[in-house]
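Participant: File protein_6.tsv below, TSV, N, CA and C atoms and all ligand atoms:
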```tsv
chain	number	residue	atom	x	y	z
A	1	MET	N	-4.46	-3.45	-5.81
A	1	MET	CA	-3.27	-3.55	-4.99
A	1	MET	C	-3.64	-3.49	-3.50
A	2	LEU	N	-4.44	-2.46	-3.13
A	2	LEU	CA	-4.84	-2.31	-1.73
A	2	LEU	C	-5.66	-3.50	-1.25
A	3	VAL	N	-6.45	-4.06	-2.16
A	3	VAL	CA	-7.29	-5.19	-1.79
A	3	VAL	C	-6.40	-6.36	-1.39
A	4	ASP	N	-5.32	-6.58	-2.14
A	4	ASP	CA	-4.39	-7.66	-1.83
A	4	ASP	C	-3.70	-7.41	-0.49
A	5	PHE	N	-3.23	-6.17	-0.29
A	5	PHE	CA	-2.56	-5.84	0.98
A	5	PHE	C	-3.48	-6.15	2.14
A	6	ARG	N	-4.72	-5.66	1.97
A	6	ARG	CA	-5.65	-5.76	3.10
A	6	ARG	C	-5.94	-7.21	3.42
A	7	ALA	N	-6.07	-8.02	2.38
A	7	ALA	CA	-6.35	-9.44	2.61
A	7	ALA	C	-5.17	-10.08	3.34
A	8	HIS	N	-3.96	-9.77	2.89
A	8	HIS	CA	-2.78	-10.34	3.53
A	8	HIS	C	-2.65	-9.84	4.96
A	9	ASN	N	-2.83	-8.56	5.14
A	9	ASN	CA	-2.68	-7.97	6.47
A	9	ASN	C	-3.70	-8.53	7.45
A	10	ALA	N	-4.93	-8.69	6.97
A	10	ALA	CA	-5.97	-9.22	7.85
A	10	ALA	C	-5.62	-10.65	8.27
A	11	LYS	N	-5.06	-11.40	7.32
A	11	LYS	CA	-4.72	-12.80	7.60
A	11	LYS	C	-3.67	-12.91	8.71
A	12	VAL	N	-2.71	-11.99	8.69
A	12	VAL	CA	-1.64	-12.08	9.70
A	12	VAL	C	-1.82	-11.11	10.87
A	13	GLY	N	-2.98	-10.44	10.91
A	13	GLY	CA	-3.26	-9.58	12.07
A	13	GLY	C	-2.52	-8.25	12.06
A	14	ILE	N	-2.20	-7.77	10.87
A	14	ILE	CA	-1.53	-6.46	10.77
A	14	ILE	C	-2.56	-5.37	10.50
A	15	SER	N	-2.38	-4.26	11.20
A	15	SER	CA	-3.20	-3.08	10.93
A	15	SER	C	-2.25	-1.91	10.64
A	16	GLY	N	-2.85	-0.75	10.36
A	16	GLY	CA	-1.99	0.40	10.08
A	16	GLY	C	-2.70	1.38	9.17
A	17	ILE	N	-1.92	2.22	8.54
A	17	ILE	CA	-2.48	3.22	7.63
A	17	ILE	C	-1.44	3.52	6.55
A	18	LEU	N	-1.93	3.81	5.35
A	18	LEU	CA	-1.05	4.08	4.22
A	18	LEU	C	-1.35	5.48	3.68
A	19	PHE	N	-0.32	6.31	3.62
A	19	PHE	CA	-0.46	7.66	3.06
A	19	PHE	C	0.28	7.72	1.74
A	20	TYR	N	-0.25	8.56	0.85
A	20	TYR	CA	0.47	8.85	-0.40
A	20	TYR	C	0.49	10.36	-0.59
A	21	GLY	N	1.63	10.87	-1.01
A	21	GLY	CA	1.72	12.30	-1.32
A	21	GLY	C	3.10	12.61	-1.84
A	22	CYS	N	3.21	13.60	-2.71
A	22	CYS	CA	4.51	14.00	-3.26
A	22	CYS	C	5.28	12.80	-3.82
A	23	ARG	N	4.56	11.91	-4.47
A	23	ARG	CA	5.15	10.71	-5.09
A	23	ARG	C	5.83	9.77	-4.10
A	24	ARG	N	5.42	9.86	-2.85
A	24	ARG	CA	5.98	8.96	-1.83
A	24	ARG	C	4.85	8.32	-1.03
A	25	PHE	N	5.20	7.18	-0.43
A	25	PHE	CA	4.27	6.54	0.50
A	25	PHE	C	4.82	6.61	1.91
A	26	LEU	N	3.92	6.70	2.86
A	26	LEU	CA	4.26	6.52	4.27
A	26	LEU	C	3.29	5.48	4.80
A	27	GLU	N	3.85	4.39	5.34
A	27	GLU	CA	2.97	3.35	5.85
A	27	GLU	C	3.31	3.05	7.31
A	28	LEU	N	2.28	2.98	8.13
A	28	LEU	CA	2.44	2.49	9.51
A	28	LEU	C	2.04	1.03	9.48
A	29	ILE	N	2.92	0.16	9.97
A	29	ILE	CA	2.62	-1.27	10.05
A	29	ILE	C	2.55	-1.63	11.53
A	30	GLU	N	1.38	-2.06	11.98
A	30	GLU	CA	1.19	-2.42	13.39
A	30	GLU	C	0.93	-3.92	13.50
A	31	GLY	N	1.56	-4.54	14.47
A	31	GLY	CA	1.30	-5.96	14.68
A	31	GLY	C	2.36	-6.57	15.56
A	32	GLU	N	2.35	-7.91	15.63
A	32	GLU	CA	3.41	-8.61	16.37
A	32	GLU	C	4.73	-8.36	15.66
A	33	GLN	N	5.79	-8.25	16.46
A	33	GLN	CA	7.10	-7.91	15.90
A	33	GLN	C	7.47	-8.80	14.71
A	34	GLU	N	7.27	-10.11	14.84
A	34	GLU	CA	7.72	-11.00	13.76
A	34	GLU	C	6.87	-10.81	12.49
A	35	ASP	N	5.60	-10.49	12.67
A	35	ASP	CA	4.74	-10.26	11.49
A	35	ASP	C	5.11	-8.94	10.81
A	36	VAL	N	5.42	-7.93	11.64
A	36	VAL	CA	5.83	-6.63	11.09
A	36	VAL	C	7.16	-6.80	10.34
A	37	ASP	N	8.11	-7.53	10.97
A	37	ASP	CA	9.41	-7.74	10.32
A	37	ASP	C	9.25	-8.49	9.00
A	38	ALA	N	8.36	-9.50	9.00
A	38	ALA	CA	8.16	-10.29	7.78
A	38	ALA	C	7.59	-9.42	6.67
A	39	LEU	N	6.62	-8.57	7.00
A	39	LEU	CA	6.03	-7.70	5.98
A	39	LEU	C	7.05	-6.66	5.51
A	40	PHE	N	7.80	-6.12	6.44
A	40	PHE	CA	8.81	-5.13	6.03
A	40	PHE	C	9.81	-5.79	5.07
A	41	GLY	N	10.16	-7.05	5.35
A	41	GLY	CA	11.07	-7.78	4.45
A	41	GLY	C	10.47	-7.92	3.05
A	42	ARG	N	9.17	-8.24	2.99
A	42	ARG	CA	8.50	-8.37	1.68
A	42	ARG	C	8.52	-7.04	0.93
A	43	ILE	N	8.24	-5.98	1.67
A	43	ILE	CA	8.20	-4.66	1.03
A	43	ILE	C	9.61	-4.28	0.55
A	44	GLU	N	10.62	-4.60	1.37
A	44	GLU	CA	12.01	-4.28	0.96
A	44	GLU	C	12.43	-5.05	-0.28
A	45	ARG	N	11.92	-6.29	-0.41
A	45	ARG	CA	12.30	-7.11	-1.57
A	45	ARG	C	11.52	-6.73	-2.82
A	46	ASP	N	10.46	-5.96	-2.66
A	46	ASP	CA	9.61	-5.57	-3.78
A	46	ASP	C	10.35	-4.52	-4.61
A	47	ARG	N	10.67	-4.88	-5.83
A	47	ARG	CA	11.53	-4.01	-6.65
A	47	ARG	C	10.83	-2.75	-7.14
A	48	ARG	N	9.55	-2.64	-6.85
A	48	ARG	CA	8.85	-1.41	-7.25
A	48	ARG	C	9.23	-0.24	-6.35
A	49	HIS	N	9.78	-0.54	-5.16
A	49	HIS	CA	10.14	0.54	-4.25
A	49	HIS	C	11.60	0.91	-4.39
A	50	THR	N	11.88	2.19	-4.18
A	50	THR	CA	13.27	2.62	-4.01
A	50	THR	C	13.31	3.57	-2.82
A	51	GLY	N	14.46	3.68	-2.22
A	51	GLY	CA	14.66	4.63	-1.13
A	51	GLY	C	13.79	4.36	0.08
A	52	ILE	N	13.69	3.09	0.47
A	52	ILE	CA	12.86	2.76	1.64
A	52	ILE	C	13.58	3.20	2.92
A	53	GLU	N	12.84	3.87	3.78
A	53	GLU	CA	13.41	4.36	5.02
A	53	GLU	C	12.52	3.89	6.18
A	54	LEU	N	13.16	3.43	7.25
A	54	LEU	CA	12.41	2.96	8.42
A	54	LEU	C	12.40	4.07	9.46
A	55	LEU	N	11.20	4.47	9.88
A	55	LEU	CA	11.10	5.51	10.93
A	55	LEU	C	10.78	4.83	12.25
A	56	ASP	N	11.52	5.18	13.27
A	56	ASP	CA	11.36	4.55	14.57
A	56	ASP	C	10.42	5.41	15.42
A	57	CYS	N	9.10	5.20	15.23
A	57	CYS	CA	8.12	6.05	15.91
A	57	CYS	C	7.75	5.47	17.27
A	58	ARG	N	7.49	6.34	18.21
A	58	ARG	CA	7.02	5.94	19.55
A	58	ARG	C	5.54	6.20	19.62
A	59	LEU	N	4.76	5.14	19.61
A	59	LEU	CA	3.31	5.30	19.63
A	59	LEU	C	2.74	4.54	20.83
A	60	PRO	N	1.61	5.00	21.33
A	60	PRO	CA	1.09	4.43	22.56
A	60	PRO	C	0.36	3.10	22.37
A	61	GLY	N	0.73	2.30	21.40
A	61	GLY	CA	0.02	1.04	21.13
A	61	GLY	C	-0.58	1.10	19.74
A	62	ARG	N	-1.47	0.15	19.45
A	62	ARG	CA	-2.10	0.13	18.11
A	62	ARG	C	-3.05	1.30	17.97
A	63	LEU	N	-2.87	2.07	16.93
A	63	LEU	CA	-3.76	3.21	16.69
A	63	LEU	C	-4.86	2.85	15.70
A	64	PHE	N	-4.60	1.85	14.85
A	64	PHE	CA	-5.53	1.57	13.75
A	64	PHE	C	-6.03	0.12	13.78
A	65	GLY	N	-6.12	-0.42	15.01
A	65	GLY	CA	-6.53	-1.82	15.16
A	65	GLY	C	-7.91	-2.14	14.61
A	66	ASP	N	-8.78	-1.13	14.55
A	66	ASP	CA	-10.13	-1.36	14.03
A	66	ASP	C	-10.21	-1.18	12.51
A	67	TRP	N	-9.08	-0.92	11.90
A	67	TRP	CA	-9.07	-0.61	10.47
A	67	TRP	C	-8.10	-1.53	9.76
A	68	SER	N	-8.41	-1.87	8.49
A	68	SER	CA	-7.44	-2.66	7.76
A	68	SER	C	-6.82	-1.76	6.70
A	69	MET	N	-5.82	-1.05	7.11
A	69	MET	CA	-5.00	-0.24	6.23
A	69	MET	C	-5.80	0.78	5.40
A	70	PRO	N	-6.40	1.77	6.07
A	70	PRO	CA	-7.02	2.85	5.29
A	70	PRO	C	-5.97	3.58	4.46
A	71	PHE	N	-6.42	4.15	3.36
A	71	PHE	CA	-5.50	4.84	2.44
A	71	PHE	C	-5.86	6.32	2.41
A	72	VAL	N	-4.86	7.16	2.60
A	72	VAL	CA	-5.08	8.60	2.61
A	72	VAL	C	-4.25	9.25	1.50
A	73	ASP	N	-4.93	9.92	0.60
A	73	ASP	CA	-4.24	10.65	-0.47
A	73	ASP	C	-4.01	12.08	0.01
A	74	LEU	N	-2.79	12.36	0.44
A	74	LEU	CA	-2.50	13.68	1.01
A	74	LEU	C	-2.57	14.79	-0.03
A	75	ASP	N	-2.38	14.42	-1.30
A	75	ASP	CA	-2.48	15.44	-2.35
A	75	ASP	C	-3.95	15.68	-2.75
A	76	GLY	N	-4.82	14.77	-2.32
A	76	GLY	CA	-6.21	14.85	-2.77
A	76	GLY	C	-7.16	15.11	-1.63
A	77	ASP	N	-7.94	14.08	-1.26
A	77	ASP	CA	-9.06	14.31	-0.34
A	77	ASP	C	-8.65	14.83	1.03
A	78	ALA	N	-7.43	14.47	1.49
A	78	ALA	CA	-7.04	14.89	2.84
A	78	ALA	C	-6.97	16.41	2.96
A	79	GLN	N	-6.69	17.07	1.84
A	79	GLN	CA	-6.56	18.53	1.88
A	79	GLN	C	-7.85	19.22	2.31
A	80	SER	N	-8.97	18.56	2.04
A	80	SER	CA	-10.24	19.21	2.36
A	80	SER	C	-10.85	18.69	3.67
A	81	MET	N	-10.09	17.87	4.39
A	81	MET	CA	-10.63	17.34	5.64
A	81	MET	C	-10.52	18.37	6.76
A	82	PRO	N	-11.57	18.48	7.55
A	82	PRO	CA	-11.51	19.45	8.66
A	82	PRO	C	-10.33	19.12	9.57
A	83	GLY	N	-9.62	20.12	9.98
A	83	GLY	CA	-8.50	19.89	10.89
A	83	GLY	C	-7.18	19.67	10.18
A	84	PHE	N	-7.21	19.37	8.90
A	84	PHE	CA	-5.96	19.11	8.20
A	84	PHE	C	-5.61	20.17	7.18
A	85	ALA	N	-6.61	20.92	6.73
A	85	ALA	CA	-6.32	22.00	5.81
A	85	ALA	C	-5.41	22.98	6.53
A	86	GLY	N	-4.50	23.57	5.82
A	86	GLY	CA	-3.62	24.55	6.44
A	86	GLY	C	-2.42	23.91	7.13
A	87	ARG	N	-2.24	22.60	6.94
A	87	ARG	CA	-1.07	21.96	7.53
A	87	ARG	C	-0.13	21.37	6.48
A	88	PRO	N	-0.10	21.91	5.29
A	88	PRO	CA	0.69	21.24	4.26
A	88	PRO	C	2.15	20.98	4.61
A	89	PRO	N	2.85	21.88	5.33
A	89	PRO	CA	4.26	21.58	5.56
A	89	PRO	C	4.44	20.30	6.37
A	90	ASN	N	3.52	20.08	7.32
A	90	ASN	CA	3.61	18.88	8.15
A	90	ASN	C	3.24	17.61	7.41
A	91	MET	N	2.56	17.77	6.27
A	91	MET	CA	2.12	16.58	5.57
A	91	MET	C	2.87	16.38	4.26
A	92	ASP	N	4.03	17.03	4.16
A	92	ASP	CA	4.85	16.85	2.96
A	92	ASP	C	5.75	15.65	3.21
A	93	LEU	N	5.46	14.56	2.49
A	93	LEU	CA	6.20	13.33	2.77
A	93	LEU	C	7.67	13.41	2.37
A	94	ARG	N	8.05	14.48	1.69
A	94	ARG	CA	9.49	14.65	1.40
A	94	ARG	C	10.24	15.12	2.63
A	95	LEU	N	9.49	15.68	3.60
A	95	LEU	CA	10.12	16.27	4.78
A	95	LEU	C	9.88	15.43	6.04
A	96	ILE	N	9.37	14.23	5.83
A	96	ILE	CA	8.90	13.45	6.99
A	96	ILE	C	10.06	13.01	7.90
A	97	ASP	N	9.83	13.07	9.17
A	97	ASP	CA	10.75	12.46	10.14
A	97	ASP	C	9.90	11.82	11.23
A	98	GLU	N	10.55	11.23	12.22
A	98	GLU	CA	9.81	10.49	13.26
A	98	GLU	C	8.77	11.38	13.95
A	99	GLU	N	9.21	12.58	14.29
A	99	GLU	CA	8.35	13.45	15.07
A	99	GLU	C	7.09	13.85	14.28
A	100	ILE	N	7.28	14.22	13.02
A	100	ILE	CA	6.14	14.60	12.18
A	100	ILE	C	5.25	13.39	11.94
A	101	ALA	N	5.88	12.24	11.71
A	101	ALA	CA	5.09	11.03	11.46
A	101	ALA	C	4.23	10.70	12.67
A	102	GLU	N	4.81	10.78	13.87
A	102	GLU	CA	4.04	10.48	15.08
A	102	GLU	C	2.84	11.42	15.20
A	103	GLU	N	3.10	12.69	14.93
A	103	GLU	CA	2.02	13.69	15.03
A	103	GLU	C	0.91	13.38	14.02
A	104	MET	N	1.32	13.07	12.78
A	104	MET	CA	0.34	12.75	11.74
A	104	MET	C	-0.47	11.52	12.09
A	105	LEU	N	0.22	10.48	12.59
A	105	LEU	CA	-0.46	9.21	12.87
A	105	LEU	C	-1.48	9.38	13.98
A	106	ILE	N	-1.12	10.13	14.99
A	106	ILE	CA	-2.06	10.34	16.10
A	106	ILE	C	-3.24	11.18	15.63
A	107	LEU	N	-2.95	12.25	14.86
A	107	LEU	CA	-4.04	13.08	14.31
A	107	LEU	C	-5.02	12.26	13.48
A	108	PHE	N	-4.47	11.43	12.61
A	108	PHE	CA	-5.36	10.65	11.73
A	108	PHE	C	-6.11	9.58	12.50
A	109	SER	N	-5.49	9.01	13.54
A	109	SER	CA	-6.21	7.98	14.29
A	109	SER	C	-7.39	8.61	15.01
A	110	VAL	N	-7.20	9.81	15.55
A	110	VAL	CA	-8.29	10.51	16.23
A	110	VAL	C	-9.37	10.86	15.21
A	111	HIS	N	-8.91	11.35	14.06
A	111	HIS	CA	-9.86	11.76	13.03
A	111	HIS	C	-10.67	10.57	12.51
A	112	LEU	N	-9.98	9.46	12.30
A	112	LEU	CA	-10.68	8.27	11.78
A	112	LEU	C	-11.68	7.74	12.79
A	113	ALA	N	-11.31	7.83	14.07
A	113	ALA	CA	-12.21	7.32	15.10
A	113	ALA	C	-13.51	8.12	15.14
A	114	SER	N	-13.44	9.39	14.72
A	114	SER	CA	-14.64	10.22	14.82
A	114	SER	C	-15.30	10.46	13.47
A	115	SER	N	-14.80	9.85	12.43
A	115	SER	CA	-15.38	10.10	11.11
A	115	SER	C	-15.11	8.93	10.19
A	116	ALA	N	-15.96	8.76	9.20
A	116	ALA	CA	-15.75	7.67	8.26
A	116	ALA	C	-15.48	8.24	6.88
A	117	GLN	N	-14.90	9.45	6.85
A	117	GLN	CA	-14.76	10.14	5.56
A	117	GLN	C	-13.69	9.56	4.63
A	118	ILE	N	-12.59	9.05	5.22
A	118	ILE	CA	-11.48	8.71	4.33
A	118	ILE	C	-11.27	7.22	4.24
A	119	GLY	N	-10.69	6.82	3.10
A	119	GLY	CA	-10.34	5.43	2.91
A	119	GLY	C	-11.59	4.56	2.91
A	120	SER	N	-11.39	3.28	2.83
A	120	SER	CA	-12.52	2.38	2.93
A	120	SER	C	-12.03	1.16	3.68
A	121	GLY	N	-11.12	1.41	4.60
A	121	GLY	CA	-10.47	0.28	5.26
A	121	GLY	C	-11.07	-0.13	6.58
A	122	ARG	N	-12.26	0.35	6.86
A	122	ARG	CA	-12.86	-0.01	8.15
A	122	ARG	C	-13.17	-1.50	8.19
A	123	SER	N	-12.67	-2.16	9.20
A	123	SER	CA	-12.97	-3.60	9.33
A	123	SER	C	-14.45	-3.73	9.69
A	124	ALA	N	-15.04	-4.82	9.26
A	124	ALA	CA	-16.46	-5.00	9.52
A	124	ALA	C	-16.72	-5.12	11.02
B	201	LIG	C1	3.55	1.53	-0.73
B	201	LIG	C2	3.36	0.05	-0.60
B	201	LIG	C3	2.87	-0.47	0.58
B	201	LIG	C4	2.68	-1.85	0.72
B	201	LIG	N1	2.09	-2.33	1.85
B	201	LIG	C5	1.78	-3.65	1.92
B	201	LIG	C6	1.05	-4.15	3.04
B	201	LIG	O1	0.67	-3.43	3.96
B	201	LIG	N2	0.78	-5.47	3.05
B	201	LIG	C7	1.15	-6.32	2.04
B	201	LIG	O2	0.87	-7.52	2.11
B	201	LIG	N3	1.82	-5.85	0.97
B	201	LIG	C8	2.15	-4.54	0.89
B	201	LIG	N4	2.80	-4.06	-0.22
B	201	LIG	C9	3.16	-5.02	-1.28
B	201	LIG	C10	4.51	-5.66	-1.00
B	201	LIG	O3	5.53	-4.75	-1.41
B	201	LIG	C11	4.65	-6.99	-1.75
B	201	LIG	O4	4.50	-6.76	-3.13
B	201	LIG	C12	3.58	-7.98	-1.33
B	201	LIG	O5	3.55	-8.11	0.07
B	201	LIG	C13	3.82	-9.37	-1.97
B	201	LIG	O6	5.06	-9.85	-1.54
B	201	LIG	P1	5.62	-11.27	-2.07
B	201	LIG	O7	5.68	-11.15	-3.57
B	201	LIG	O8	6.98	-11.38	-1.43
B	201	LIG	O9	4.63	-12.30	-1.59
B	201	LIG	C14	3.03	-2.71	-0.35
B	201	LIG	C15	3.53	-2.17	-1.53
B	201	LIG	C16	3.64	-0.81	-1.68
B	201	LIG	C17	4.09	-0.25	-3.01
```
Take the structure I supplied and represent it as structure tokens, if you would.
Ligand SMILES: Cc1cc2nc3c(=O)[nH]c(=O)nc-3n(C[C@H](O)[C@H](O)[C@H](O)COP(=O)(O)O)c2cc1C
Facilitator:
Amino acid sequence: MLVDFRAHNAKVGISGILFYGCRRFLELIEGEQEDVDALFGRIERDRRHTGIELLDCRLPGRLFGDWSMPFVDLDGDAQSMPGFAGRPPNMDLRLIDEEIAEEMLILFSVHLASSAQIGSGRSA
């Protein structure tokens, strides 16, 4: 599944990050407005999803431009990552809002820039 996403995203110049935890996904989609809207439309039409919510985050530009959609399992490997242990309330995707999402996205972009521990989405 991720392989298909990444191929499609790379083709249309979309970057971002995908989190999973508490049986929910959180995805940041970065790109040109029309490409982001088109992908969001595809995701909305995908009947495998329910309860899709759009978070209006304020970010300082592309955070994951060097990556093609890394995947972070918040219930798994992220728990043992330095800097993230001890933050479970902030990483509970049932409680996510814009502010928490912004904080998480910035934390992970900094972390990814300094480490290759998670995901396998690094662009060549
Ligand atoms: C959590 C989640 C995240 C997804 N993210 C992407 C993505 O970043 N890029 C993508 O092409 N498809 C993504 N998909 C798949 C889309 O929902 C959709 O199945 C796919 O784009 C094919 O759409 P189409 O059948 O309209 O061509 C995601 C699906 C799930 C379940």
Participant: So, with only C-alpha atoms as the atoms that count, which of A:Leu18, A:Arg62, A:Leu2, A:Cys57 lies closest to A:Glu32?
Facilitator: A:Arg62
Participant: Please report, as lines of an AutoDock Vina configuration file, the centre and edge lengths in Å to one decimal of an axis-aligned box covering all listed atoms of ligand LIG 201 (chain B) with 4 Å per side.
Facilitator:
```
center_x = 3.8
center_y = -5.4
center_z = 0.2
size_x = 14.3
size_y = 21.8
size_z = 15.5
```
Participant: Interatomic distance between atom C of A:Leu105 and atom C of A:Ala10?
Facilitator: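 According to the coordinates, atom C of A:Leu105 and atom C of A:Ala10 are separated by 21.2 Å.
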Participant: Would you work out the distance separating atom CA of A:Leu63 from atom O1 of ligand LIG 201 (chain B), expressed in Å to one decimal?
Facilitator: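 If I compute the distance from atom CA of A:Leu63 to atom O1 of ligand LIG 201 (chain B), I get 15.0 Å.
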Participant: Just how far from atom N of A:Gly61 is atom N of A:Ser15, in Å to one decimal?
Facilitator: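 Spanning atom N of A:Ser15 to atom N of A:Gly61 is a straight-line distance of 12.5 Å.
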Participant: Hey, which of A:Val110, A:Ile14, A:Met1, A:Ile100 ends up closest to A:Ala38? Count only C-alpha atoms.
Facilitator: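 Of all the options, A:Ile14 lies closest to A:Ala38.
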Participant: Using only N, CA and C atoms and all ligand atoms, what are the residues with an atom within 5 Å of ligand LIG 201 (chain B), set out as a ChimeraX atom specification?
Facilitator: /A:5,8-9,42-43,46
Participant: Write the residues you've just listed into a file as a PDB file, in the frame of the given file, and include N, CA and C atoms for each of them.
Facilitator:
```pdb
ATOM      1  N   PHE A   5      -3.230  -6.170  -0.290  1.00  0.00           N
ATOM      2  CA  PHE A   5      -2.560  -5.840   0.980  1.00  0.00           C
ATOM      3  C   PHE A   5      -3.480  -6.150   2.140  1.00  0.00           C
ATOM      4  N   HIS A   8      -3.960  -9.770   2.890  1.00  0.00           N
ATOM      5  CA  HIS A   8      -2.780 -10.340   3.530  1.00  0.00           C
ATOM      6  C   HIS A   8      -2.650  -9.840   4.960  1.00  0.00           C
ATOM      7  N   ASN A   9      -2.830  -8.560   5.140  1.00  0.00           N
ATOM      8  CA  ASN A   9      -2.680  -7.970   6.470  1.00  0.00           C
ATOM      9  C   ASN A   9      -3.700  -8.530   7.450  1.00  0.00           C
ATOM     10  N   ARG A  42       9.170  -8.240   2.990  1.00  0.00           N
ATOM     11  CA  ARG A  42       8.500  -8.370   1.680  1.00  0.00           C
ATOM     12  C   ARG A  42       8.520  -7.040   0.930  1.00  0.00           C
ATOM     13  N   ILE A  43       8.240  -5.980   1.670  1.00  0.00           N
ATOM     14  CA  ILE A  43       8.200  -4.660   1.030  1.00  0.00           C
ATOM     15  C   ILE A  43       9.610  -4.280   0.550  1.00  0.00           C
ATOM     16  N   ASP A  46      10.460  -5.960  -2.660  1.00  0.00           N
ATOM     17  CA  ASP A  46       9.610  -5.570  -3.780  1.00  0.00           C
ATOM     18  C   ASP A  46      10.350  -4.520  -4.610  1.00  0.00           C
TER      19      ASP A  46
END
```
Participant: Tell me which of A:Gly13, A:Gly21, A:Gly51, A:Gly76 sits closest to A:Phe64, counting only C-alpha atoms.
Facilitator: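 Counting only C-alpha atoms, the residue closest to A:Phe64 is A:Gly13.
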Participant: Tell me, which residues of chain A carry DSSP alpha helix (DSSP H), written as a ChimeraX atom specification?
Facilitator: /A:2-12,33-45,98-114
Participant: Select, from A:Ile17, A:Leu107, A:Ala101, A:Leu95, the residue with the minimum atom-to-atom distance to A:Gly65, counting only C-alpha atoms.
Facilitator: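 Among the listed residues, A:Ile17 lies closest to A:Gly65.
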Participant: Using only N, CA and C atoms, can you tell me which of A:Ile106, A:Cys22, A:Val3, A:Asp56 comes closest to A:Asp92?
Facilitator: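 For A:Asp92, the nearest of the candidates is A:Cys22.
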Participant: Name the residues within 6 Å of (-2.1, 9.1, 3.3), counting all atoms listed in the file in the file's coordinates, and put them as a list in words.
Facilitator: Leu18, Phe19, Tyr20, Gly21, Phe71, Val72, Asp73 and Leu74 of chain A
Participant: If you run DSSP on the backbone, which residues of stretch 1-123 of chain A are strand (DSSP E or B), as a list in words?
Facilitator: Ser15, Gly16, Ile17, Leu18, Phe19, Tyr20, Gly21, Arg24, Phe25, Leu26, Glu27, Leu28, Ile29, Glu30, Trp67, Phe71, Val72, Asp73 and Arg122 of chain A
Participant: Between A:Leu93, A:Ala113, A:Val12, A:Met104, which has the minimum distance to A:Leu26 (counting all atoms listed in the file)?
Facilitator: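 Among A:Leu93, A:Ala113, A:Val12, A:Met104, it is A:Leu93 that comes nearest to A:Leu26.
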